[in-house]
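Note: the block below is protein.txt and it holds compact mmCIF, C-alpha atoms.
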# COMPACT_ATOMS: atom_id res chain seq x y z
CA GLN J 1 162.00 140.41 160.26
CA VAL J 2 159.95 137.39 159.28
CA GLN J 3 161.10 134.05 160.68
CA LEU J 4 160.45 130.95 158.61
CA VAL J 5 160.65 127.47 160.11
CA GLU J 6 160.53 124.41 157.90
CA SER J 7 159.62 120.91 158.99
CA GLY J 8 158.57 117.59 157.52
CA GLY J 9 161.83 116.44 156.03
CA GLY J 10 163.31 113.04 156.67
CA LEU J 11 164.50 109.80 155.17
CA VAL J 12 162.16 108.13 152.71
CA GLN J 13 162.47 105.36 150.16
CA ALA J 14 162.28 106.11 146.47
CA GLY J 15 158.67 106.22 145.38
CA GLY J 16 157.53 107.52 148.74
CA SER J 17 155.98 110.83 149.73
CA LEU J 18 156.68 113.69 152.08
CA ARG J 19 154.87 116.88 152.99
CA LEU J 20 157.02 119.81 153.96
CA SER J 21 155.68 122.70 156.00
CA CYS J 22 156.97 126.21 156.50
CA VAL J 23 155.51 128.29 159.30
CA ALA J 24 156.01 132.05 159.21
CA SER J 25 156.25 134.20 162.32
CA GLU J 26 154.00 136.82 160.75
CA SER J 27 150.99 136.88 158.52
CA ILE J 28 151.63 135.66 154.99
CA PHE J 29 148.40 137.11 153.69
CA ASN J 30 150.19 139.84 151.76
CA ALA J 31 153.23 137.79 150.80
CA ASN J 32 153.67 138.44 147.11
CA ARG J 33 155.41 135.17 146.55
CA MET J 34 156.27 132.11 148.55
CA ALA J 35 158.43 129.34 147.25
CA TRP J 36 160.48 126.25 147.93
CA TYR J 37 164.07 125.87 146.86
CA ARG J 38 166.46 122.99 147.43
CA GLN J 39 170.16 122.43 147.53
CA ALA J 40 171.75 119.08 146.86
CA PRO J 41 175.24 118.29 148.18
CA GLY J 42 177.85 120.04 146.07
CA LYS J 43 175.28 121.87 143.99
CA GLN J 44 173.78 125.32 143.90
CA ARG J 45 170.41 126.08 145.39
CA GLU J 46 167.67 125.58 142.82
CA PHE J 47 164.06 126.54 142.45
CA VAL J 48 161.42 123.88 143.15
CA ALA J 49 158.01 125.56 143.27
CA ARG J 50 156.33 128.87 144.03
CA ILE J 51 152.86 130.21 144.71
CA THR J 52 151.63 133.78 144.43
CA THR J 53 149.10 135.72 146.44
CA SER J 54 146.43 134.77 143.93
CA GLY J 55 147.32 131.11 144.19
CA ALA J 56 149.06 130.79 140.85
CA THR J 57 151.70 128.07 140.96
CA THR J 58 154.88 127.32 139.06
CA PHE J 59 157.06 124.22 139.25
CA ALA J 60 160.50 123.24 138.15
CA ASP J 61 160.44 120.75 135.31
CA SER J 62 162.19 118.21 137.52
CA VAL J 63 159.24 118.04 139.95
CA LYS J 64 156.31 118.90 137.69
CA GLY J 65 153.53 116.38 138.09
CA ARG J 66 154.98 115.02 141.34
CA CYS J 67 154.65 118.03 143.63
CA THR J 68 151.98 120.41 144.74
CA ILE J 69 152.47 123.69 146.59
CA SER J 70 149.84 125.32 148.72
CA ARG J 71 149.49 128.00 151.37
CA ASP J 72 147.19 128.41 154.33
CA ASN J 73 147.06 132.09 155.14
CA ALA J 74 145.09 131.48 158.32
CA LYS J 75 147.90 129.31 159.65
CA ASN J 76 150.74 131.37 158.13
CA THR J 77 151.95 128.13 156.57
CA LEU J 78 153.34 127.07 153.22
CA TYR J 79 153.28 123.43 152.16
CA LEU J 80 155.05 121.27 149.63
CA GLN J 81 153.60 117.84 148.94
CA MET J 82 156.11 115.63 147.19
CA ASN J 83 155.15 112.28 145.70
CA SER J 84 157.00 109.61 143.75
CA LEU J 85 160.24 110.78 145.30
CA LYS J 86 163.50 110.04 143.52
CA SER J 87 167.07 109.90 144.78
CA GLU J 88 167.75 113.14 142.91
CA ASP J 89 165.22 114.89 145.13
CA THR J 90 167.67 114.55 148.02
CA GLY J 91 168.76 117.86 149.48
CA VAL J 92 168.02 120.59 151.94
CA TYR J 93 164.70 122.25 151.21
CA TYR J 94 164.34 125.93 151.95
CA CYS J 95 161.28 128.07 152.31
CA TYR J 96 161.30 131.53 150.73
CA LEU J 97 158.99 134.47 151.22
CA MET J 98 158.90 137.77 149.39
CA ARG J 99 156.83 140.61 150.77
CA LEU J 100 156.87 144.31 149.95
CA GLY J 101 160.26 144.08 148.32
CA ASP J 102 161.92 142.16 151.14
CA TYR J 103 162.70 138.50 151.04
CA TYR J 104 163.34 135.90 153.69
CA TRP J 105 164.72 132.37 153.90
CA GLY J 106 164.20 129.59 156.37
CA GLN J 107 166.97 127.42 157.77
CA GLY J 108 165.99 124.41 155.71
CA THR J 109 164.85 120.86 156.28
CA GLN J 110 166.76 117.82 155.05
CA VAL J 111 165.13 115.40 152.63
CA THR J 112 166.95 112.16 151.89
CA VAL J 113 165.59 109.70 149.38
CA SER J 114 167.12 106.24 149.41
CA SER J 115 167.09 104.19 146.23
Would you mind writing the structure in this file as structure tokens?
Amino acid sequence: QVQLVESGGGLVQAGGSLRLSCVASESIFNANRMAWYRQAPGKQREFVARITTSGATTFADSVKGRCTISRDNAKNTLYLQMNSLKSEDTGVYYCYLMRLGDYYWGQGTQVTVSS
């Protein structure tokens, strides 16, 4: 059972930046896919960004050009750098890991963007 712990959320003004981190309890070297999702109040969880083992990245249209996703296998850590934050980026951000057919979620970190 892989444990994922997110951090880096907080309150930020519109236009600001945040870097989220997700530390895994086990090696992520062979994680097929790692991703960030978010859930705004009253809405369903939605995809934000993902990165594969080879480093290929994909972003939701809503964050494209404002976010980067990266992984540090040596530190078992996934990152999400978010810039030019908007009020609609507010939500709980969740880390996701898929490995060998199993998938895991973190508990989430709150991001609040004030306009």
Residues within 10 Å of (159.5, 121.2, 150.6), file coordinates, counting all atoms listed in the file: what are they? Give the list as a ChimeraX atom specification. /J:6-9,18-22,35-38,48-49,67-69,78-82,91-95,108-111
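Nearest residue to J:Ala40 among J:Gln3, J:Thr90, J:Ser27, J:Ser70 is J:Thr90, counting all atoms listed in the file.
Across the structure, atom CA of J:Val113 and atom CA of J:Gln13 are spaced 5.4 Å apart.
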Please build the interface table for stretch 4-32 of chain J against stretch 97-102 of chain J with a cut-off of 9 Å, listing for each qualifying residue the nearest atom pair and the distance in Å to one decimal; count all atoms listed in the file, order rows by chain and increasing number, and write it as CSV.
residue,atom,partner,partner_atom,distance
J:Leu4,CA,J:Leu97,CA,8.3
J:Ala24,CA,J:Leu97,CA,8.9
J:Ile28,CA,J:Arg99,CA,8.3
J:Asn30,CA,J:Arg99,CA,6.8
J:Ala31,CA,J:Arg99,CA,4.6
J:Asn32,CA,J:Arg99,CA,5.3
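Between atom CA of J:Ala60 and atom CA of J:Leu85 there is a distance of 14.4 Å.
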For J:Pro41, which residue among J:Gly10, J:Arg66, J:Gly106, J:Asp89 is the nearest when counting all atoms listed in the file? J:Asp89
Would you pick out the contacts of J:Ser87 at 8 Å or less, using all atoms listed in the file, so that residues sharing its chain but fewer than 4 positions from it are not included, and give the list as a PDB file with C-alpha atoms, keeping the file's coordinate frame?
ATOM      1  CA  ALA J  14     162.280 106.110 146.470  1.00  0.00           C
ATOM      2  CA  THR J 112     166.950 112.160 151.890  1.00  0.00           C
ATOM      3  CA  VAL J 113     165.590 109.700 149.380  1.00  0.00           C
ATOM      4  CA  SER J 114     167.120 106.240 149.410  1.00  0.00           C
ATOM      5  CA  SER J 115     167.090 104.190 146.230  1.00  0.00           C
TER       6      SER J 115
END
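For the pair atom CA of J:Ser62 and atom CA of J:Gly42, the interatomic distance is 17.9 Å.
Of the residues listed (J:Leu11, J:Val5, J:Val23, J:Gly16), J:Val23 shows the shortest atom-to-atom separation from J:Asp72; distances use all atoms listed in the file.
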